[in-house]
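The structure file query-v3.cif is reproduced below (mmCIF, N, CA and C atoms).
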```cif
data_work
loop_
_atom_site.label_atom_id
_atom_site.label_comp_id
_atom_site.auth_asym_id
_atom_site.auth_seq_id
_atom_site.Cartn_x
_atom_site.Cartn_y
_atom_site.Cartn_z
N MET A 585 33.63 90.27 36.48
CA MET A 585 32.90 90.52 37.70
C MET A 585 32.43 89.20 38.31
N LEU A 586 31.78 88.38 37.48
CA LEU A 586 31.28 87.12 38.00
C LEU A 586 32.35 86.03 38.04
N ARG A 587 33.56 86.33 37.52
CA ARG A 587 34.66 85.35 37.59
C ARG A 587 35.00 85.02 39.03
N ASN A 588 34.89 86.03 39.89
CA ASN A 588 35.28 85.84 41.28
C ASN A 588 34.23 85.08 42.09
N PHE A 589 33.04 84.94 41.53
CA PHE A 589 31.97 84.29 42.26
C PHE A 589 31.40 83.14 41.43
N PRO A 590 32.08 81.98 41.40
CA PRO A 590 31.61 80.88 40.54
C PRO A 590 30.25 80.34 40.97
N GLN A 591 29.98 80.32 42.27
CA GLN A 591 28.68 79.82 42.73
C GLN A 591 27.56 80.76 42.27
N ALA A 592 27.82 82.06 42.34
CA ALA A 592 26.81 83.03 41.90
C ALA A 592 26.58 82.90 40.40
N ARG A 593 27.65 82.69 39.64
CA ARG A 593 27.52 82.55 38.19
C ARG A 593 26.70 81.31 37.86
N ARG A 594 26.99 80.23 38.58
CA ARG A 594 26.26 78.98 38.36
C ARG A 594 24.78 79.16 38.71
N LEU A 595 24.49 79.85 39.81
CA LEU A 595 23.10 80.09 40.23
C LEU A 595 22.38 80.96 39.21
N LEU A 596 23.04 82.02 38.73
CA LEU A 596 22.42 82.89 37.74
C LEU A 596 22.16 82.14 36.43
N ARG A 597 23.07 81.25 36.06
CA ARG A 597 22.89 80.47 34.83
C ARG A 597 21.67 79.56 34.96
N ARG A 598 21.49 78.98 36.16
CA ARG A 598 20.32 78.13 36.38
C ARG A 598 19.02 78.93 36.28
N MET A 599 19.07 80.21 36.70
CA MET A 599 17.87 81.05 36.64
C MET A 599 17.63 81.59 35.23
N GLY A 600 18.57 81.40 34.31
CA GLY A 600 18.35 81.83 32.94
C GLY A 600 19.17 83.03 32.53
N PHE A 601 20.06 83.50 33.36
CA PHE A 601 20.89 84.66 33.02
C PHE A 601 22.20 84.18 32.41
N GLU A 602 22.55 84.77 31.30
CA GLU A 602 23.80 84.40 30.62
C GLU A 602 24.85 85.46 30.87
N LYS A 603 26.01 85.30 30.25
CA LYS A 603 27.13 86.21 30.41
C LYS A 603 26.79 87.60 29.86
N GLU A 604 25.98 87.61 28.79
CA GLU A 604 25.64 88.90 28.15
C GLU A 604 24.73 89.75 29.04
N ASP A 605 24.04 89.13 29.99
CA ASP A 605 23.11 89.87 30.84
C ASP A 605 23.83 90.72 31.88
N ALA A 606 25.11 90.50 32.09
CA ALA A 606 25.84 91.24 33.11
C ALA A 606 25.85 92.73 32.79
N TYR A 607 26.00 93.08 31.53
CA TYR A 607 26.01 94.50 31.16
C TYR A 607 24.65 95.14 31.47
N PHE A 608 23.60 94.41 31.16
CA PHE A 608 22.25 94.91 31.44
C PHE A 608 22.07 95.19 32.94
N TRP A 609 22.47 94.23 33.78
CA TRP A 609 22.31 94.41 35.22
C TRP A 609 23.21 95.51 35.76
N LYS A 610 24.36 95.69 35.15
CA LYS A 610 25.24 96.78 35.56
C LYS A 610 24.56 98.12 35.27
N GLN A 611 23.97 98.24 34.08
CA GLN A 611 23.26 99.48 33.73
C GLN A 611 22.05 99.69 34.62
N MET A 612 21.34 98.61 34.91
CA MET A 612 20.17 98.72 35.79
C MET A 612 20.59 99.17 37.19
N GLY A 613 21.70 98.65 37.67
CA GLY A 613 22.20 99.06 38.98
C GLY A 613 22.55 100.54 39.00
N LYS A 614 23.20 101.00 37.94
CA LYS A 614 23.53 102.43 37.86
C LYS A 614 22.27 103.28 37.83
N ALA A 615 21.29 102.84 37.04
CA ALA A 615 20.04 103.59 36.93
C ALA A 615 19.32 103.66 38.27
N MET A 616 19.27 102.55 38.99
CA MET A 616 18.61 102.54 40.29
C MET A 616 19.36 103.41 41.29
N LEU A 617 20.68 103.36 41.26
CA LEU A 617 21.47 104.18 42.15
C LEU A 617 21.20 105.67 41.89
N CYS A 618 21.21 106.05 40.63
CA CYS A 618 20.94 107.45 40.29
C CYS A 618 19.52 107.86 40.67
N THR A 619 18.56 106.99 40.43
CA THR A 619 17.16 107.30 40.75
C THR A 619 16.99 107.49 42.25
N TYR A 620 17.50 106.55 43.04
CA TYR A 620 17.34 106.67 44.48
C TYR A 620 18.13 107.85 45.04
N THR A 621 19.25 108.16 44.44
CA THR A 621 20.01 109.34 44.87
C THR A 621 19.20 110.60 44.60
N LEU A 622 18.60 110.67 43.42
CA LEU A 622 17.77 111.82 43.08
C LEU A 622 16.58 111.94 44.03
N PHE A 623 15.91 110.82 44.31
CA PHE A 623 14.79 110.86 45.26
C PHE A 623 15.25 111.31 46.64
N GLY A 624 16.41 110.84 47.07
CA GLY A 624 16.93 111.25 48.38
C GLY A 624 17.23 112.73 48.44
N VAL A 625 17.80 113.27 47.37
CA VAL A 625 18.10 114.70 47.33
C VAL A 625 16.81 115.51 47.35
N VAL A 626 15.81 115.07 46.58
CA VAL A 626 14.52 115.78 46.57
C VAL A 626 13.88 115.73 47.94
N TRP A 627 13.96 114.56 48.59
CA TRP A 627 13.37 114.42 49.92
C TRP A 627 14.08 115.32 50.92
N LEU A 628 15.41 115.35 50.86
CA LEU A 628 16.18 116.21 51.76
C LEU A 628 15.86 117.68 51.50
N TRP A 629 15.79 118.05 50.22
CA TRP A 629 15.46 119.44 49.87
C TRP A 629 14.07 119.79 50.39
N ASN A 630 13.15 118.84 50.30
CA ASN A 630 11.80 119.08 50.76
C ASN A 630 11.75 119.29 52.26
N GLU A 631 12.60 118.58 53.01
CA GLU A 631 12.62 118.72 54.46
C GLU A 631 13.29 120.01 54.90
N THR A 632 14.31 120.45 54.18
CA THR A 632 15.10 121.59 54.64
C THR A 632 15.00 122.78 53.69
N SER A 633 14.03 122.77 52.81
CA SER A 633 13.93 123.81 51.79
C SER A 633 13.60 125.17 52.39
N PRO A 634 14.32 126.22 52.02
CA PRO A 634 13.96 127.55 52.47
C PRO A 634 12.75 128.09 51.72
N LEU A 635 12.35 127.42 50.66
CA LEU A 635 11.24 127.90 49.84
C LEU A 635 9.89 127.44 50.34
N GLY A 636 9.85 126.51 51.27
CA GLY A 636 8.57 126.02 51.76
C GLY A 636 8.21 124.70 51.11
N TRP A 637 7.05 124.22 51.41
CA TRP A 637 6.60 122.92 50.94
C TRP A 637 6.02 123.03 49.55
N TRP A 638 6.68 122.45 48.57
CA TRP A 638 6.22 122.43 47.18
C TRP A 638 5.67 123.78 46.76
N THR A 639 6.56 124.71 46.56
CA THR A 639 6.16 126.09 46.31
C THR A 639 5.36 126.28 45.04
N LEU A 640 5.33 125.30 44.16
CA LEU A 640 4.52 125.45 42.96
C LEU A 640 3.03 125.33 43.26
N LYS A 641 2.70 124.74 44.41
CA LYS A 641 1.30 124.59 44.78
C LYS A 641 0.86 125.86 45.51
N PRO A 642 -0.19 126.53 45.05
CA PRO A 642 -0.62 127.75 45.75
C PRO A 642 -1.18 127.43 47.13
N ARG A 643 -0.85 128.28 48.08
CA ARG A 643 -1.36 128.09 49.43
C ARG A 643 -2.43 129.14 49.71
N PRO A 644 -3.48 128.78 50.44
CA PRO A 644 -4.51 129.76 50.76
C PRO A 644 -3.98 130.86 51.68
N LYS A 645 -4.69 131.97 51.70
CA LYS A 645 -4.25 133.14 52.46
C LYS A 645 -4.13 132.82 53.95
N GLU A 646 -5.11 132.08 54.48
CA GLU A 646 -5.09 131.75 55.91
C GLU A 646 -3.85 130.93 56.25
N GLU A 647 -3.48 130.01 55.37
CA GLU A 647 -2.30 129.18 55.62
C GLU A 647 -1.03 130.02 55.60
N ARG A 648 -0.96 130.97 54.66
CA ARG A 648 0.22 131.84 54.62
C ARG A 648 0.32 132.71 55.86
N GLU A 649 -0.84 133.20 56.35
CA GLU A 649 -0.83 134.05 57.54
C GLU A 649 -0.44 133.27 58.79
N MET A 650 -0.78 131.98 58.83
CA MET A 650 -0.52 131.19 60.03
C MET A 650 0.73 130.34 59.90
N ALA A 651 1.50 130.52 58.84
CA ALA A 651 2.66 129.67 58.59
C ALA A 651 3.69 129.78 59.71
N HIS A 652 3.84 130.98 60.30
CA HIS A 652 4.85 131.14 61.34
C HIS A 652 4.53 130.31 62.58
N LEU A 653 3.27 129.91 62.75
CA LEU A 653 2.90 129.11 63.92
C LEU A 653 3.40 127.68 63.80
N TYR A 654 3.61 127.22 62.57
CA TYR A 654 3.96 125.82 62.35
C TYR A 654 5.43 125.63 61.99
N GLU A 655 6.26 126.63 62.26
CA GLU A 655 7.67 126.48 61.97
C GLU A 655 8.25 125.36 62.82
N ARG A 656 9.16 124.65 62.25
CA ARG A 656 9.78 123.54 62.96
C ARG A 656 10.77 124.09 63.98
N ARG A 657 10.65 123.64 65.22
CA ARG A 657 11.55 124.10 66.26
C ARG A 657 12.74 123.16 66.37
N LYS A 658 13.88 123.72 66.62
CA LYS A 658 15.09 122.91 66.82
C LYS A 658 15.28 122.73 68.32
N PHE A 659 15.10 121.51 68.77
CA PHE A 659 15.26 121.21 70.18
C PHE A 659 16.72 120.88 70.45
N PRO A 660 17.23 121.31 71.59
CA PRO A 660 18.63 121.00 71.91
C PRO A 660 18.79 119.54 72.32
N TYR A 661 20.01 119.06 72.18
CA TYR A 661 20.32 117.71 72.63
C TYR A 661 20.24 117.69 74.16
N PRO A 662 19.54 116.72 74.76
CA PRO A 662 19.33 116.73 76.22
C PRO A 662 20.61 116.75 77.05
N GLY A 663 21.71 116.22 76.53
CA GLY A 663 22.95 116.20 77.31
C GLY A 663 23.67 117.53 77.33
N ASP A 664 23.32 118.44 76.42
CA ASP A 664 23.98 119.74 76.33
C ASP A 664 23.27 120.73 77.25
N ASP A 665 23.81 120.90 78.46
CA ASP A 665 23.14 121.71 79.48
C ASP A 665 23.04 123.17 79.07
N GLU A 666 24.08 123.73 78.48
CA GLU A 666 24.04 125.14 78.07
C GLU A 666 22.97 125.39 77.02
N ALA A 667 22.89 124.50 76.05
CA ALA A 667 21.90 124.66 74.99
C ALA A 667 20.49 124.52 75.54
N VAL A 668 20.29 123.61 76.51
CA VAL A 668 18.97 123.43 77.11
C VAL A 668 18.58 124.69 77.88
N GLU A 669 19.53 125.25 78.66
CA GLU A 669 19.23 126.47 79.42
C GLU A 669 18.90 127.62 78.48
N GLU A 670 19.66 127.75 77.40
CA GLU A 670 19.39 128.81 76.43
C GLU A 670 18.03 128.62 75.77
N PHE A 671 17.67 127.37 75.49
CA PHE A 671 16.39 127.05 74.88
C PHE A 671 15.25 127.43 75.81
N VAL A 672 15.40 127.12 77.11
CA VAL A 672 14.36 127.44 78.08
C VAL A 672 14.26 128.95 78.27
N LYS A 673 15.42 129.65 78.31
CA LYS A 673 15.40 131.11 78.46
C LYS A 673 14.73 131.80 77.29
N SER A 674 14.90 131.24 76.10
CA SER A 674 14.30 131.86 74.91
C SER A 674 12.81 131.58 74.82
N GLY A 675 12.27 130.80 75.75
CA GLY A 675 10.84 130.51 75.73
C GLY A 675 10.50 129.33 74.86
N GLY A 676 11.47 128.52 74.53
CA GLY A 676 11.23 127.39 73.65
C GLY A 676 10.35 126.32 74.27
N ALA A 677 10.40 126.17 75.58
CA ALA A 677 9.61 125.13 76.24
C ALA A 677 8.20 125.61 76.54
N LEU A 678 7.95 126.90 76.40
CA LEU A 678 6.62 127.44 76.68
C LEU A 678 5.75 127.32 75.45
N GLY A 679 4.47 127.44 75.65
CA GLY A 679 3.56 127.43 74.52
C GLY A 679 2.95 126.06 74.31
N THR A 680 2.38 125.89 73.14
CA THR A 680 1.68 124.64 72.83
C THR A 680 2.55 123.80 71.91
N THR A 681 1.96 122.75 71.40
CA THR A 681 2.70 121.93 70.45
C THR A 681 2.94 122.67 69.15
N ILE A 682 2.15 123.70 68.89
CA ILE A 682 2.37 124.49 67.68
C ILE A 682 3.67 125.26 67.82
N GLY A 683 3.92 125.80 68.98
CA GLY A 683 5.17 126.51 69.17
C GLY A 683 5.00 127.64 70.15
N PRO A 684 6.10 128.21 70.58
CA PRO A 684 6.03 129.28 71.57
C PRO A 684 5.42 130.55 71.01
N ARG A 685 5.50 130.73 69.69
CA ARG A 685 4.97 131.96 69.09
C ARG A 685 3.48 131.85 68.83
N GLY A 686 3.01 130.62 68.70
CA GLY A 686 1.61 130.42 68.35
C GLY A 686 0.76 130.23 69.57
N PHE A 687 -0.54 130.41 69.39
CA PHE A 687 -1.47 130.20 70.48
C PHE A 687 -2.60 129.34 69.95
N ALA A 688 -2.85 128.25 70.60
CA ALA A 688 -3.94 127.37 70.19
C ALA A 688 -4.76 127.02 71.41
N ASP A 689 -6.06 127.12 71.28
CA ASP A 689 -6.93 126.75 72.39
C ASP A 689 -6.91 125.24 72.54
N ALA A 690 -6.84 124.79 73.77
CA ALA A 690 -6.79 123.37 74.00
C ALA A 690 -8.12 122.71 73.67
N ASN A 691 -9.23 123.47 73.83
CA ASN A 691 -10.54 122.87 73.59
C ASN A 691 -10.98 123.02 72.14
N MET A 692 -10.18 123.58 71.27
CA MET A 692 -10.57 123.77 69.88
C MET A 692 -9.86 122.73 69.02
N ASP A 693 -10.66 121.89 68.38
CA ASP A 693 -10.06 120.90 67.49
C ASP A 693 -9.96 121.47 66.08
N SER A 694 -9.45 120.68 65.17
CA SER A 694 -9.19 121.18 63.82
C SER A 694 -10.47 121.50 63.08
N GLU A 695 -11.55 120.74 63.33
CA GLU A 695 -12.81 121.01 62.63
C GLU A 695 -13.38 122.36 63.06
N ASN A 696 -13.36 122.63 64.37
CA ASN A 696 -13.87 123.91 64.85
C ASN A 696 -13.02 125.06 64.33
N MET A 697 -11.71 124.85 64.27
CA MET A 697 -10.81 125.89 63.74
C MET A 697 -11.13 126.15 62.28
N GLN A 698 -11.36 125.09 61.53
CA GLN A 698 -11.69 125.23 60.11
C GLN A 698 -13.02 125.96 59.94
N LYS A 699 -14.02 125.59 60.74
CA LYS A 699 -15.32 126.26 60.67
C LYS A 699 -15.19 127.74 61.04
N GLN A 700 -14.37 128.02 62.04
CA GLN A 700 -14.17 129.40 62.45
C GLN A 700 -13.50 130.21 61.35
N LEU A 701 -12.50 129.63 60.70
CA LEU A 701 -11.84 130.32 59.59
C LEU A 701 -12.80 130.54 58.43
N GLN A 702 -13.64 129.54 58.14
CA GLN A 702 -14.60 129.69 57.05
C GLN A 702 -15.62 130.76 57.37
N SER A 703 -16.11 130.80 58.61
CA SER A 703 -17.10 131.83 58.97
C SER A 703 -16.46 133.21 58.94
N LYS A 704 -15.21 133.31 59.36
CA LYS A 704 -14.51 134.59 59.31
C LYS A 704 -14.36 135.06 57.86
N LYS A 705 -13.99 134.14 56.99
CA LYS A 705 -13.85 134.47 55.57
C LYS A 705 -15.21 134.86 54.98
N PHE A 706 -16.25 134.14 55.36
CA PHE A 706 -17.60 134.46 54.88
C PHE A 706 -18.01 135.86 55.32
N GLU A 707 -17.73 136.20 56.58
CA GLU A 707 -18.06 137.54 57.09
C GLU A 707 -17.31 138.62 56.32
N GLN A 708 -16.04 138.37 56.03
CA GLN A 708 -15.26 139.35 55.26
C GLN A 708 -15.83 139.54 53.87
N GLU A 709 -16.19 138.43 53.21
CA GLU A 709 -16.77 138.53 51.87
C GLU A 709 -18.11 139.25 51.91
N ALA A 710 -18.93 138.96 52.93
CA ALA A 710 -20.22 139.63 53.06
C ALA A 710 -20.03 141.13 53.27
N GLN A 711 -19.04 141.49 54.09
CA GLN A 711 -18.75 142.91 54.34
C GLN A 711 -18.31 143.60 53.05
N LYS A 712 -17.44 142.94 52.27
CA LYS A 712 -17.00 143.52 50.99
C LYS A 712 -18.19 143.73 50.05
N LEU A 713 -19.06 142.71 49.97
CA LEU A 713 -20.22 142.80 49.09
C LEU A 713 -21.15 143.93 49.53
N TRP A 714 -21.36 144.05 50.85
CA TRP A 714 -22.23 145.10 51.37
C TRP A 714 -21.67 146.48 51.03
N ILE A 715 -20.38 146.68 51.22
CA ILE A 715 -19.75 147.97 50.93
C ILE A 715 -19.84 148.28 49.44
N ARG A 716 -19.61 147.26 48.60
CA ARG A 716 -19.69 147.47 47.15
C ARG A 716 -21.11 147.86 46.74
N MET A 717 -22.10 147.16 47.28
CA MET A 717 -23.50 147.48 46.94
C MET A 717 -23.85 148.89 47.43
N ARG A 718 -23.42 149.24 48.64
CA ARG A 718 -23.71 150.57 49.19
C ARG A 718 -23.08 151.66 48.31
N ASN A 719 -21.84 151.44 47.89
CA ASN A 719 -21.16 152.42 47.03
C ASN A 719 -21.87 152.58 45.70
N GLU A 720 -22.38 151.47 45.14
CA GLU A 720 -23.12 151.57 43.88
C GLU A 720 -24.38 152.39 44.03
N VAL A 721 -25.12 152.16 45.12
CA VAL A 721 -26.35 152.91 45.37
C VAL A 721 -26.04 154.39 45.58
N VAL A 722 -25.00 154.68 46.35
CA VAL A 722 -24.61 156.08 46.58
C VAL A 722 -24.23 156.74 45.26
N GLN A 723 -23.50 156.03 44.42
CA GLN A 723 -23.08 156.59 43.13
C GLN A 723 -24.29 156.87 42.23
N GLU A 724 -25.27 155.94 42.21
CA GLU A 724 -26.46 156.14 41.40
C GLU A 724 -27.25 157.35 41.90
N LEU A 725 -27.38 157.49 43.23
CA LEU A 725 -28.13 158.63 43.79
C LEU A 725 -27.40 159.94 43.50
N GLN A 726 -26.06 159.91 43.55
CA GLN A 726 -25.32 161.14 43.25
C GLN A 726 -25.47 161.51 41.78
N GLU A 727 -25.55 160.50 40.89
CA GLU A 727 -25.76 160.79 39.49
C GLU A 727 -27.14 161.43 39.25
N LYS A 728 -28.13 161.04 40.06
CA LYS A 728 -29.47 161.61 39.91
C LYS A 728 -29.59 162.98 40.53
N GLY A 729 -28.58 163.40 41.29
CA GLY A 729 -28.57 164.76 41.83
C GLY A 729 -28.72 164.83 43.33
N PHE A 730 -28.82 163.74 44.01
CA PHE A 730 -28.94 163.79 45.47
C PHE A 730 -27.55 163.97 46.06
N ASP A 731 -27.50 164.75 47.17
CA ASP A 731 -26.21 165.00 47.84
C ASP A 731 -26.06 164.02 49.00
N ILE A 732 -25.28 162.96 48.77
CA ILE A 732 -25.08 161.92 49.78
C ILE A 732 -23.59 161.69 49.97
N GLU A 733 -23.21 161.58 51.22
CA GLU A 733 -21.80 161.31 51.53
C GLU A 733 -21.62 159.92 52.04
#
```

Conversion result in structure tokens:
Amino acid sequence: MLRNFPQARRLLRRMGFEKEDAYFWKQMGKAMLCTYTLFGVVWLWNETSPLGWWTLKPRPKEEREMAHLYERRKFPYPGDDEAVEEFVKSGGALGTTIGPRGFADANMDSENMQKQLQSKKFEQEAQKLWIRMRNEVVQELQEKGFDIE
């Protein structure tokens, strides 16, 4: 390999690399090639995966319910007039940056949206707790003989 490049061999010898090191660097090159190929495949799979983003990580209920709003849209190539017309007819250009299917208030930022989701979740939990407590009281009164519906 280094026979064809005498200047490179001379330079490598000056840096301390001998003839025996060529096998090591060949193996290192293969290892790096395989590693970067694997990383590229994982990255590509992550971008185009039908399973979603790192499916091993659990997603909260609100995120699962709103996932359709953040789907990636495929925009047509600007030079393709038919595809652009079809895109506009399908409503692709309408809507917000989230997408034509989603609706986002322009005056609502992410913090307000998060607070609103948290308050909504809190209200739901409070309602569940209230119903559970009410049912327990009704059950206790029915056990004592009161007729309550």

What does the structure give for the distance between atom CA of A:Gln708 and atom CA of A:Gln723, in Å to one decimal?
22.5 Å

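Distance-wise, atom N of A:Ser703 and atom CA of A:Asn719 end up 25.0 Å apart.
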
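Closest approach to A:Lys705 among A:Phe601, A:Asn630, A:Lys645, A:Leu596 is made by A:Lys645 (distances from only C-alpha atoms).
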
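With atom CA of A:Glu649 on one side and atom C of A:Leu701 on the other, the separation reads 12.5 Å.
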